[in-house]
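S.K.: Below is a structure I'd like to ask you about.
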Amino acid sequence: MRTRVHGTTVRGVNVGPETRCAHYAGPTDVIALRFGCCGDFFPCAACHDAVADHGAEPWPRDRFDDPAVLCGGCGARLSVHAYLDADFACPECATAFNPGCAAHYDRYFEGVAPSEE
């Protein structure tokens with residue numbers, strides 16, 4: 001399933017206009033992440049697993065300066081470095097991001113350990 005979010009295609013299950021999905025639909029679940037295996041944006045790893053025809057691979061460390069995180073609030077495309085440095089809010093529009101995502105960083109970003117925020 002494909003949904004346009006601020007002009008960007010986001011794949012997943014029941015993706016809404018701010019990137020919330022069937023798996024994560026809380027008020028701060030407003031990002032989509034690119035996967036290294038296909039370069040496509042998904043709201044979460046479960047969405048990737050549900051709709052992709054291949055295994056998930058995290059965004060590669062050597063591409064952390066490339067846009068890999070989409071803000072569902074404003075459509076800003078953030079590098080991994082910008083996202084990790086943003087303190088759980090979009091640096092462009094200040095939309096709050098879910099701090100619980102830190103527990104899954106290893107699924108999304110190569111070589112970044114999960115943390116408890």
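Following the order of the structure tokens, chains are lettered A, B, ..., residues in each are numbered from 1, and ligands are numbered from 1.
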Could you write out, as a list in words, all the residues of stretch 10-64 of chain A that DSSP marks as strand (DSSP E)?

M.R.: Val10, Arg11, Ile31, Ala32, Leu33, Arg34, Phe41 and Phe42 of chain A

S.K.: Using DSSP on the backbone, list every residue of chain A that comes out as helix (DSSP H, G or I), and give them as a PyMOL selection string.

M.R.: chain A and resi 45-51+61-63+80-85+99-108

S.K.: Per residue of stretch 40-81 of chain A within 8 Å of stretch 23-35 of chain A, what are the shortest atom pair and its distance in Å to one decimal, counting only C-alpha atoms, with rows by chain and residue number, as a tab-separated table?

M.R.:
residue	atom	partner	partner_atom	distance
A:Asp40	CA	A:Arg34	CA	5.1
A:Phe41	CA	A:Arg34	CA	4.2
A:Phe42	CA	A:Ala32	CA	5.0
A:Pro43	CA	A:Ala32	CA	4.1
A:Cys44	CA	A:Ala32	CA	6.9
A:Ala46	CA	A:His23	CA	7.1
A:Cys47	CA	A:His23	CA	7.5
A:Ala56	CA	A:Phe35	CA	6.8
A:Glu57	CA	A:Phe35	CA	5.9
A:Pro58	CA	A:Phe35	CA	5.3
A:Trp59	CA	A:Phe35	CA	5.1
A:Ala68	CA	A:Arg34	CA	5.0
A:Val69	CA	A:Leu33	CA	4.7
A:Leu70	CA	A:Ala32	CA	5.0
A:Cys71	CA	A:Ile31	CA	4.8
A:Gly72	CA	A:Val30	CA	4.7
A:Gly73	CA	A:Val30	CA	6.6

S.K.: Which one of A:Met1, A:Ala102, A:Ala96, A:Ala76 sits closest to A:Gly16 if you count only C-alpha atoms?

M.R.: A:Met1

S.K.: Compile the contact shell of A:Ala103 as a PyMOL selection string: residues with an atom at most 12 Å away, counting only C-alpha atoms, same-chain residues fewer than 4 positions apart removed.

M.R.: chain A and resi 98-99+107-109+112-117

S.K.: Kindly give the distance, in Å, that separates atom CA of A:Gly111 and atom CA of A:Val80, rounded to a single decimal.

M.R.: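 These two atoms are separated by 11.8 Å.
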
S.K.: From the list A:Cys37, A:Ala86, A:Gly75, A:Arg20, which residue is nearest A:Asp49 when using only C-alpha atoms?

M.R.: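 Selected residue with least distance to A:Asp49: A:Cys37.
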
S.K.: Quick one: residues within 7 Å of A:Ser79, only C-alpha atoms counted, chain neighbours fewer than 4 positions away excluded, as a PyMOL selection string?

M.R.: chain A and resi 64-69+83

S.K.: Between atom CA of A:Cys90 and atom CA of A:Gly55, measure the distance and give it in Å to one decimal.

M.R.: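 Spanning atom CA of A:Cys90 to atom CA of A:Gly55 is a straight-line distance of 28.6 Å.
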